[in-house]
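final_21.txt, holding compact mmCIF, C-alpha atoms:
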```txt
# COMPACT_ATOMS: atom_id res chain seq x y z
CA MET B 27 -41.58 30.98 34.60
CA ASP B 28 -44.11 30.72 37.39
CA ARG B 29 -47.25 30.05 35.36
CA ALA B 30 -48.72 26.58 35.00
CA LEU B 31 -48.39 24.39 31.94
CA THR B 32 -51.35 24.69 29.54
CA VAL B 33 -52.57 22.79 26.51
CA ASP B 34 -51.60 25.69 24.27
CA ASP B 35 -48.00 25.42 25.50
CA LEU B 36 -47.93 21.73 24.62
CA VAL B 37 -49.45 22.39 21.17
CA ILE B 38 -46.94 25.13 20.40
CA ALA B 39 -44.05 22.98 21.63
CA GLY B 40 -45.28 20.04 19.58
CA ILE B 41 -45.61 22.21 16.47
CA ALA B 42 -42.07 23.57 16.97
CA LEU B 43 -40.63 20.09 17.43
CA ALA B 44 -42.55 18.71 14.44
CA ALA B 45 -41.41 21.66 12.33
CA GLY B 46 -37.81 20.94 13.26
CA LEU B 47 -38.18 17.26 12.34
CA LEU B 48 -39.89 18.11 9.04
CA ALA B 49 -37.25 20.69 8.20
CA GLY B 50 -34.51 18.18 8.96
CA PHE B 51 -36.15 15.59 6.69
CA LEU B 52 -36.63 18.04 3.81
CA LEU B 53 -33.10 19.37 4.12
CA ARG B 54 -31.68 15.86 4.08
CA MET B 55 -33.64 15.00 0.92
CA SER B 56 -32.45 18.21 -0.74
CA LEU B 57 -28.85 17.51 0.16
CA ARG B 58 -29.18 13.96 -1.15
CA TRP B 59 -30.27 15.41 -4.50
CA LEU B 60 -27.32 17.79 -4.35
CA GLY B 61 -25.00 14.87 -3.60
CA LYS B 62 -26.01 13.15 -6.85
CA HIS B 63 -24.88 16.21 -8.78
CA ALA B 64 -21.65 16.32 -6.78
CA ASP B 65 -20.90 12.74 -7.84
CA ARG B 66 -20.69 13.91 -11.44
CA THR B 67 -17.80 16.28 -10.80
CA ARG B 68 -14.18 15.21 -11.04
CA TRP B 69 -13.18 16.70 -7.68
CA SER B 70 -13.92 14.35 -4.78
CA GLY B 71 -13.84 17.15 -2.20
CA ASP B 72 -17.38 18.32 -2.97
CA ASP B 73 -18.66 14.81 -2.28
CA VAL B 74 -17.12 14.96 1.21
CA ILE B 75 -18.58 18.41 1.92
CA VAL B 76 -22.10 17.51 0.76
CA ASP B 77 -21.97 14.28 2.76
CA ALA B 78 -21.03 16.28 5.86
CA LEU B 79 -23.84 18.78 5.31
CA ARG B 80 -26.30 15.90 5.05
CA THR B 81 -25.44 15.11 8.65
CA VAL B 82 -25.02 18.56 10.20
CA VAL B 83 -27.87 20.53 8.63
CA PRO B 84 -30.73 18.12 9.50
CA TRP B 85 -29.44 17.76 13.05
CA ALA B 86 -29.19 21.53 13.37
CA ALA B 87 -32.82 21.85 12.27
CA ILE B 88 -33.90 19.22 14.79
CA VAL B 89 -31.95 20.86 17.60
CA GLY B 90 -33.44 24.24 16.62
CA GLY B 91 -36.95 22.79 16.77
CA ALA B 92 -36.24 21.23 20.18
CA ALA B 93 -34.87 24.56 21.46
CA SER B 94 -37.98 26.38 20.22
CA ALA B 95 -40.18 23.78 21.87
CA GLY B 96 -38.31 24.21 25.14
CA ALA B 97 -38.68 27.99 24.93
CA ALA B 98 -42.44 27.65 24.43
CA LEU B 99 -42.87 25.65 27.63
CA PRO B 100 -43.11 27.39 31.04
CA LEU B 101 -39.81 25.99 32.33
CA THR B 102 -37.85 27.38 35.23
CA ARG B 103 -34.62 29.21 34.56
CA THR B 104 -32.51 26.30 35.84
CA VAL B 105 -34.31 23.71 33.74
CA GLN B 106 -34.18 25.98 30.71
CA ASN B 107 -30.42 26.38 31.11
CA HIS B 108 -29.96 22.62 31.42
CA VAL B 109 -32.06 22.02 28.30
CA ASN B 110 -30.07 24.59 26.34
CA GLN B 111 -26.80 23.07 27.52
CA VAL B 112 -27.86 19.57 26.50
CA LEU B 113 -28.98 20.75 23.06
CA THR B 114 -25.76 22.73 22.63
CA VAL B 115 -23.65 19.71 23.58
CA VAL B 116 -25.58 17.54 21.11
CA LEU B 117 -25.03 20.08 18.35
CA ILE B 118 -21.32 20.45 19.18
CA PHE B 119 -20.94 16.67 19.19
CA VAL B 120 -22.59 16.35 15.77
CA VAL B 121 -20.54 19.22 14.35
CA THR B 122 -17.30 17.80 15.79
CA VAL B 123 -17.84 14.29 14.44
CA THR B 124 -18.85 15.68 11.06
CA ALA B 125 -15.91 18.09 10.97
CA ALA B 126 -13.52 15.25 11.78
CA ARG B 127 -14.98 13.21 8.93
CA VAL B 128 -14.92 16.14 6.50
CA ILE B 129 -11.34 17.19 7.24
CA ALA B 130 -10.12 13.59 7.19
CA GLY B 131 -11.91 13.07 3.87
CA LEU B 132 -10.39 16.22 2.42
CA VAL B 133 -6.93 15.13 3.55
CA ARG B 134 -7.48 11.75 1.91
CA ALA B 135 -8.77 13.39 -1.29
CA VAL B 136 -5.84 15.83 -1.50
CA THR B 137 -3.20 13.17 -0.87
CA SER B 138 -4.83 10.78 -3.34
CA SER B 139 -4.81 13.41 -6.10
CA ARG B 140 -1.10 14.16 -5.82
CA SER B 141 1.66 11.89 -7.05
CA GLY B 142 4.35 11.02 -4.56
CA VAL B 143 2.01 11.48 -1.59
CA ALA B 144 0.68 8.62 0.48
CA GLY B 145 -2.89 8.57 -0.73
CA SER B 146 -3.93 5.43 1.09
CA ALA B 147 -1.73 5.90 4.14
CA THR B 148 -4.12 6.31 7.07
CA ILE B 149 -1.60 7.86 9.45
CA PHE B 150 -2.30 11.44 8.31
CA VAL B 151 -6.05 10.83 8.26
CA ASN B 152 -6.03 9.35 11.76
CA ILE B 153 -3.92 12.18 13.21
CA THR B 154 -6.27 14.77 11.68
CA ARG B 155 -9.35 13.00 13.02
CA VAL B 156 -7.93 12.71 16.54
CA LEU B 157 -6.98 16.40 16.65
CA VAL B 158 -10.45 17.56 15.57
CA LEU B 159 -12.17 15.26 18.07
CA ALA B 160 -9.88 16.50 20.85
CA ILE B 161 -10.72 20.13 20.06
CA GLY B 162 -14.43 19.30 20.05
CA PHE B 163 -14.10 17.57 23.43
CA LEU B 164 -12.45 20.66 24.92
CA VAL B 165 -15.21 22.88 23.51
CA VAL B 166 -17.84 20.64 25.11
CA LEU B 167 -16.11 20.90 28.49
CA GLN B 168 -15.94 24.68 28.18
CA THR B 169 -19.64 24.79 27.24
CA LEU B 170 -20.55 22.80 30.34
CA GLY B 171 -18.68 25.28 32.49
CA ILE B 172 -15.73 23.00 33.22
CA SER B 173 -12.43 24.88 33.13
CA ILE B 174 -9.99 23.22 30.75
CA ALA B 175 -6.91 25.06 32.09
CA PRO B 176 -6.34 22.58 34.97
CA LEU B 177 -6.92 19.72 32.54
CA LEU B 178 -4.30 21.03 30.13
CA THR B 179 -1.90 21.51 33.03
CA ALA B 180 -2.49 17.97 34.25
CA LEU B 181 -1.99 16.65 30.72
CA GLY B 182 1.28 18.55 30.46
CA VAL B 183 2.56 17.13 33.75
CA GLY B 184 1.40 13.60 32.96
CA GLY B 185 2.66 13.76 29.39
CA LEU B 186 6.13 12.65 30.45
CA ALA B 187 4.79 9.56 32.22
CA VAL B 188 2.59 8.72 29.24
CA ALA B 189 5.53 9.18 26.87
CA LEU B 190 7.66 6.80 28.93
CA ALA B 191 4.89 4.22 29.10
CA LEU B 192 4.14 4.45 25.36
CA GLN B 193 7.65 4.98 24.06
CA ASP B 194 7.44 2.05 21.64
CA THR B 195 4.11 3.27 20.29
CA LEU B 196 5.36 6.84 19.94
CA ALA B 197 8.56 5.60 18.29
CA ASN B 198 6.48 3.74 15.70
CA LEU B 199 4.26 6.80 15.21
CA PHE B 200 7.12 9.20 14.53
CA ALA B 201 8.91 6.57 12.43
CA GLY B 202 5.81 6.27 10.24
CA ILE B 203 5.60 10.04 9.86
CA HIS B 204 9.29 10.19 8.96
CA ILE B 205 8.92 7.41 6.37
CA LEU B 206 6.02 9.15 4.66
CA ALA B 207 7.55 12.63 4.89
CA SER B 208 10.83 11.44 3.35
CA LYS B 209 8.87 9.64 0.58
CA THR B 210 11.19 6.64 0.72
CA VAL B 211 8.19 4.29 0.94
CA GLN B 212 4.64 4.90 -0.27
CA PRO B 213 1.60 2.63 -0.45
CA GLY B 214 1.78 0.63 -3.67
CA ASP B 215 5.57 0.30 -3.65
CA TYR B 216 7.21 -3.11 -3.84
CA ILE B 217 9.90 -3.35 -1.15
CA GLN B 218 12.34 -5.98 0.07
CA LEU B 219 13.89 -5.84 3.54
CA SER B 220 17.31 -7.14 4.50
CA SER B 221 15.56 -9.59 6.84
CA GLY B 222 13.83 -11.21 3.85
CA GLU B 223 10.30 -9.79 3.97
CA GLU B 224 9.08 -8.42 0.65
CA GLY B 225 5.84 -7.41 -1.02
CA TYR B 226 3.58 -4.50 -1.93
CA VAL B 227 3.02 -1.84 0.73
CA GLU B 228 -0.71 -1.81 1.46
CA ASP B 229 -0.89 0.85 4.17
CA ILE B 230 1.20 2.80 6.68
CA ASN B 231 -0.75 3.67 9.82
CA TRP B 232 0.21 5.14 13.19
CA ARG B 233 1.88 1.95 14.44
CA GLN B 234 2.73 -0.46 11.63
CA THR B 235 3.20 -0.97 7.92
CA THR B 236 1.18 -3.65 6.16
CA VAL B 237 2.88 -5.44 3.27
CA ARG B 238 1.11 -7.87 0.94
CA ALA B 239 3.43 -10.61 -0.25
CA LEU B 240 3.15 -12.21 -3.69
CA SER B 241 1.50 -15.18 -1.97
CA ASN B 242 -1.32 -12.74 -1.04
CA ASN B 243 -0.47 -12.99 2.66
CA LEU B 244 -0.14 -9.86 4.80
CA VAL B 245 3.13 -9.12 6.57
CA VAL B 246 2.86 -6.62 9.44
CA ILE B 247 6.06 -4.66 10.16
CA PRO B 248 6.36 -2.10 13.00
CA ASN B 249 7.28 1.32 11.63
CA GLY B 250 10.33 1.51 13.89
CA GLU B 251 11.71 -1.76 12.50
CA LEU B 252 11.02 -0.61 8.94
CA ALA B 253 12.86 2.67 9.51
CA LYS B 254 15.93 0.87 10.90
CA SER B 255 16.05 -1.90 8.29
CA ASN B 256 18.07 -1.91 5.07
CA MET B 257 15.49 -1.86 2.33
CA THR B 258 15.27 -2.01 -1.45
CA ASN B 259 12.38 -0.16 -3.07
CA PHE B 260 11.76 -1.56 -6.54
CA MET B 261 9.35 1.27 -7.43
CA ARG B 262 11.71 4.21 -6.93
CA PRO B 263 13.04 6.34 -8.44
CA GLU B 264 10.81 4.90 -11.19
CA GLN B 265 8.51 1.94 -11.55
CA GLN B 266 10.15 0.41 -14.62
CA LEU B 267 13.20 -1.73 -13.98
CA THR B 268 15.61 -4.04 -15.80
CA ILE B 269 16.06 -7.75 -15.20
CA LEU B 270 19.08 -9.95 -15.95
CA LEU B 271 18.78 -13.49 -17.31
CA GLN B 272 21.80 -15.78 -17.48
CA VAL B 273 22.15 -18.01 -20.57
CA GLY B 274 24.91 -20.29 -21.82
CA VAL B 275 25.73 -21.93 -25.18
CA ALA B 276 28.23 -24.53 -26.29
CA TYR B 277 31.79 -23.63 -27.26
CA ASP B 278 31.27 -24.68 -30.86
CA SER B 279 28.41 -22.17 -31.33
CA ASP B 280 28.64 -19.20 -33.70
CA LEU B 281 28.33 -16.33 -31.24
CA ASP B 282 27.19 -13.85 -33.88
CA HIS B 283 24.43 -16.25 -34.86
CA VAL B 284 23.52 -16.79 -31.20
CA GLU B 285 23.31 -13.04 -30.62
CA ARG B 286 21.15 -12.46 -33.70
CA VAL B 287 18.71 -15.27 -32.86
CA THR B 288 18.46 -14.18 -29.23
CA MET B 289 17.66 -10.60 -30.24
CA GLU B 290 14.90 -11.86 -32.55
CA VAL B 291 13.37 -13.84 -29.68
CA ILE B 292 13.59 -10.80 -27.41
CA SER B 293 11.78 -8.68 -30.01
CA GLU B 294 8.97 -11.23 -30.32
CA VAL B 295 8.50 -11.67 -26.59
CA MET B 296 8.72 -8.01 -25.58
CA THR B 297 6.07 -6.92 -28.11
CA GLY B 298 3.56 -9.61 -27.25
CA ILE B 299 3.47 -9.83 -23.45
CA THR B 300 1.64 -7.57 -21.04
CA GLY B 301 4.02 -5.84 -18.65
CA ALA B 302 6.99 -5.75 -21.03
CA VAL B 303 8.57 -2.47 -22.10
CA PRO B 304 9.09 -2.62 -25.88
CA ASP B 305 10.73 0.82 -25.90
CA HIS B 306 13.50 -0.40 -23.59
CA GLU B 307 16.60 -1.27 -25.61
CA PRO B 308 17.58 -4.86 -24.76
CA ALA B 309 21.19 -5.92 -24.50
CA ILE B 310 23.21 -9.13 -24.75
CA ARG B 311 26.62 -9.30 -23.09
CA PHE B 312 28.94 -12.31 -23.30
CA HIS B 313 30.99 -12.47 -20.12
CA THR B 314 32.30 -15.93 -19.11
CA PHE B 315 34.20 -18.92 -20.46
CA GLY B 316 32.62 -21.52 -18.21
CA ASP B 317 33.45 -25.17 -17.60
CA SER B 318 31.18 -26.34 -20.41
CA ARG B 319 29.65 -23.23 -21.95
CA ILE B 320 30.09 -19.60 -22.90
CA GLY B 321 27.88 -17.56 -20.60
CA PHE B 322 26.11 -14.34 -21.47
CA THR B 323 23.53 -12.05 -19.87
CA VAL B 324 20.26 -10.91 -21.44
CA ILE B 325 19.03 -7.53 -20.15
CA LEU B 326 15.31 -6.82 -20.49
CA GLY B 327 12.99 -4.02 -19.36
CA VAL B 328 9.78 -4.70 -17.41
CA GLY B 329 6.95 -2.43 -16.35
CA GLU B 330 7.06 -3.26 -12.65
CA PHE B 331 8.46 -5.85 -10.27
CA SER B 332 5.82 -8.58 -10.55
CA ASP B 333 5.87 -8.51 -14.36
CA GLN B 334 9.35 -10.05 -14.46
CA PHE B 335 8.12 -13.55 -13.59
CA ARG B 336 5.73 -13.73 -16.53
CA ILE B 337 8.31 -12.27 -18.91
CA LYS B 338 11.04 -14.68 -17.77
CA HIS B 339 8.61 -17.58 -18.19
CA GLU B 340 7.67 -16.69 -21.77
CA PHE B 341 11.20 -15.69 -22.79
CA ILE B 342 12.80 -18.94 -21.59
CA LYS B 343 10.18 -21.03 -23.41
CA ALA B 344 10.55 -19.07 -26.65
CA LEU B 345 14.36 -19.05 -26.48
CA HIS B 346 14.58 -22.79 -25.83
CA LYS B 347 12.27 -23.54 -28.76
CA ARG B 348 14.16 -21.25 -31.13
CA TYR B 349 17.56 -22.63 -30.12
CA ARG B 350 16.38 -26.15 -30.92
CA GLU B 351 15.15 -25.02 -34.33
CA GLU B 352 18.44 -23.23 -35.07
CA GLY B 353 20.62 -26.09 -33.80
CA ILE B 354 22.13 -24.00 -30.99
CA ARG B 355 23.07 -26.32 -28.16
CA ILE B 356 22.75 -25.47 -24.45
CA PRO B 357 25.16 -28.00 -22.92
CA ALA B 358 24.71 -29.67 -19.58
CA PRO B 359 27.61 -29.34 -17.10
CA ALA B 360 30.43 -31.78 -18.01
CA ARG B 361 33.38 -32.93 -15.92
CA THR B 362 36.35 -35.28 -16.49
CA VAL B 363 37.13 -37.50 -13.52
CA ALA B 364 40.35 -39.58 -13.29
CA LEU B 365 40.19 -42.66 -11.05
CA GLN B 366 43.43 -44.39 -10.10
CA GLN B 367 43.09 -48.14 -9.74
CA GLY B 368 44.05 -49.49 -6.33
CA SER B 369 43.92 -46.20 -4.49
CA VAL B 370 40.14 -45.91 -4.33
CA ALA B 371 37.79 -48.66 -3.24
CA ILE B 372 35.24 -49.85 -5.77
CA PRO B 373 32.18 -48.62 -3.80
CA GLN B 374 33.82 -45.19 -3.64
CA GLN B 375 34.52 -45.32 -7.36
CA ARG B 376 30.87 -46.07 -8.04
CA SER B 377 29.60 -43.34 -5.77
CA VAL B 378 31.88 -40.77 -7.44
CA GLU B 379 30.79 -41.88 -10.88
CA GLN B 380 27.15 -41.87 -9.79
CA ALA B 381 27.39 -38.29 -8.48
CA VAL B 382 29.08 -37.05 -11.62
CA VAL B 383 26.59 -38.83 -13.89
CA GLU B 384 23.72 -37.20 -12.02
CA ALA B 385 25.40 -33.79 -12.46
CA GLY B 386 25.75 -34.11 -16.23
CA GLU B 387 27.90 -35.56 -19.01
CA VAL B 388 30.88 -37.64 -17.82
CA SER B 389 34.13 -38.68 -19.37
CA VAL B 390 36.05 -41.12 -17.13
CA ALA B 391 39.69 -42.00 -17.71
CA ARG B 392 40.97 -45.01 -15.78
CA LEU B 393 44.67 -44.88 -14.83
CA ASP B 394 46.30 -48.34 -14.37
```
Structure re-expressed in structure tokens:
Amino acid sequence: MDRALTVDDLVIAGIALAAGLLAGFLLRMSLRWLGKHADRTRWSGDDVIVDALRTVVPWAAIVGGAASAGAALPLTRTVQNHVNQVLTVVLIFVVTVTAARVIAGLVRAVTSSRSGVAGSATIFVNITRVLVLAIGFLVVLQTLGISIAPLLTALGVGGLAVALALQDTLANLFAGIHILASKTVQPGDYIQLSSGEEGYVEDINWRQTTVRALSNNLVVIPNGELAKSNMTNFMRPEQQLTILLQVGVAYDSDLDHVERVTMEVISEVMTGITGAVPDHEPAIRFHTFGDSRIGFTVILGVGEFSDQFRIKHEFIKALHKRYREEGIRIPAPARTVALQQGSVAIPQQRSVEQAVVEAGEVSVARLD
């Protein structure tokens, strides 16, 4: 426009800008009220959508008011184009960031609502967010009149160099995707690696897997190392598992009586401890004639891996107490050592006897 700026132009522009700000404020308050109703629903997706609209809609109103204000002013064509481009870029930026948050939130909500899917694994969320932001960046370049074809060509040519420079990072990325896609490991599983690391899987991101040990320390394992390692997953194919406890009784014990008493103790413990599985049928299996005892195995069912320590603790205490009441003896290791006089020095005789005494009951026969 060639005409000069007047007071009326400023008043109209101010009214348009103020109207945009007021509309943005009112829309945000309305969407906040709508968000409270969305919190009452069981589906978490509507919360993500309403939260996104609370960001986009007010900004769209503000940008619309600014565009109307710019149109009311006697700006030149060049300045008007620059103003429109700036406002368009701002709106695209807000929409892109909000879309990335919405889509990432929906991905997190969908994966969290389905069993067997990594609900807390951030690798899928991060990949989705990066893709949306990249698309928004390309749209901004196209809006500014910058051709993206040469950029895509340059990225294609330089992709090989980037892949070579980031081969370890890319290997960990694809290893993490493979681990999650194969469903061998999911957040919440208790795993044990052949190298000795073990604990609950906290998260699997684009580079590493975070494992929380029972000591509450975090162990960080690169996804590539996790994929190559021999691993035991104590949560799959099901969370419940069986544990084996080794017990031994004296040779003069009545084994039928031992079995009956042990089963009674198992019934008491498994029905009164959190984490036990009362429906699991316990078993007792005698298996060994040992040096000083008859050994047998007690097989119990537990809800998940960490429950076994509490159940073992309570079962051993209850079994020891009941055996004492029933007169069932758990013998200490016993050995018979023959010492030939004259062939072994006295200090050596004492040290042998001392070691055996410390190990358990001793019967020493002296050969003259």
Quiz prompt | Between CA of Val291 in chain B and CA of Glu351 in chain B - distance in Å to one decimal | solution = 12.2 Å
Quiz item: So how many Å separate CA of Ala125 in chain B and CA of Ala97 in chain B, to one decimal?
Solution: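 Going from CA of Ala125 in chain B over to CA of Ala97 in chain B, I get 28.5 Å.
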Within 6 Å of range 157-168 of chain B using all atoms listed in the file, minus same-chain residues under 4 positions, as a PDB file with C-alpha atoms, in the coordinates of the input:
```pdb
ATOM      1  CA  THR B 122     -17.300  17.800  15.790  1.00  0.00           C
ATOM      2  CA  ALA B 126     -13.520  15.250  11.780  1.00  0.00           C
ATOM      3  CA  ILE B 172     -15.730  23.000  33.220  1.00  0.00           C
TER       4      ILE B 172
END
```
Self-check item: CA of Pro308 in chain B to CA of Lys343 in chain B, straight-line distance in Å
Solution: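 Result for CA of Lys343 in chain B versus CA of Pro308 in chain B: 17.8 Å, one decimal.
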Practice problem: Counting only C-alpha atoms, write as a list in words all protein and nucleic acid residues lying at most 6 Å from (4.9, -2.0, -15.7) in the file's frame. | Solution: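 The residues that fall inside the cut-off are Gln266, Gly301, Val328, Gly329 and Glu330 of chain B.
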Take every atom of range 270-283 of chain B listed in the file, pad by 6 Å on each side, and give me the axis-aligned box centre and edge lengths in Å, one decimal, as JSON.
```
{"center_x": 25.3, "center_y": -17.3, "center_z": -25.4, "size_x": 25.0, "size_y": 26.7, "size_z": 30.9}
```
Exercise. Can you work out which one of B:Phe150, B:Thr114, B:Asp333, B:Asp282 has the shortest atom-to-atom distance to Thr300 in chain B, counting only C-alpha atoms?
Key: B:Asp333
Self-check item: Who sits within 10 Å of range 219-234 of chain B, only C-alpha atoms, same chain under 6 positions skipped, as an NGL selection string
Solution: :B and (144-153 or 194-203 or 205-206 or 211-213 or 240-252 or 255-261 or 331-332)
Exercise. Choose the residue, out of B:Thr154, B:Thr32, B:Thr179, B:Thr314, that has the smallest atom-to-atom separation from Ala98 in chain B; count only C-alpha atoms.
Key: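 Of B:Thr154, B:Thr32, B:Thr179, B:Thr314, the one nearest Ala98 in chain B is B:Thr32, counting only C-alpha atoms.
With distances restricted to all atoms listed in the file, B:Arg348 is the closest residue to Met289 in chain B from B:Arg319, B:Arg348, B:Lys338, B:Arg58.
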Quiz prompt | Nearest to Arg80 in chain B by atom-to-atom distance, counting only C-alpha atoms, from B:Val324, B:Ala92, B:Val128, B:Ile217 | solution =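 Of B:Val324, B:Ala92, B:Val128, B:Ile217, the one nearest Arg80 in chain B, counting only C-alpha atoms, is B:Val128.
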Exercise. List the neighbours of range 44-48 of chain B out to 7 Å using only C-alpha atoms; skip same-chain residues closer than 3 positions along the sequence, and give me the result as a list in words.
Key: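 Skipping anything fewer than 3 positions along the chain leaves Gly40, Ile41, Phe51, Leu52, Ala87, Ile88, Gly90 and Gly91 of chain B.
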Quiz prompt | Residues within 12 Å of (29.1, -17.0, -12.1), file coords, all atoms listed in the file, listed as a list in words | solution =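 Collected hits near the coordinates: Gln272, Val273, Gly274, His313, Thr314, Phe315, Gly316, Asp317, Arg319, Ile320, Gly321, Phe322 and Thr323 of chain B.
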Quiz item: Nearest to Ile129 in chain B: which of B:Gly171, B:Ala78, B:Asp215, B:Leu270 is it, counting all atoms listed in the file?
Solution: B:Ala78
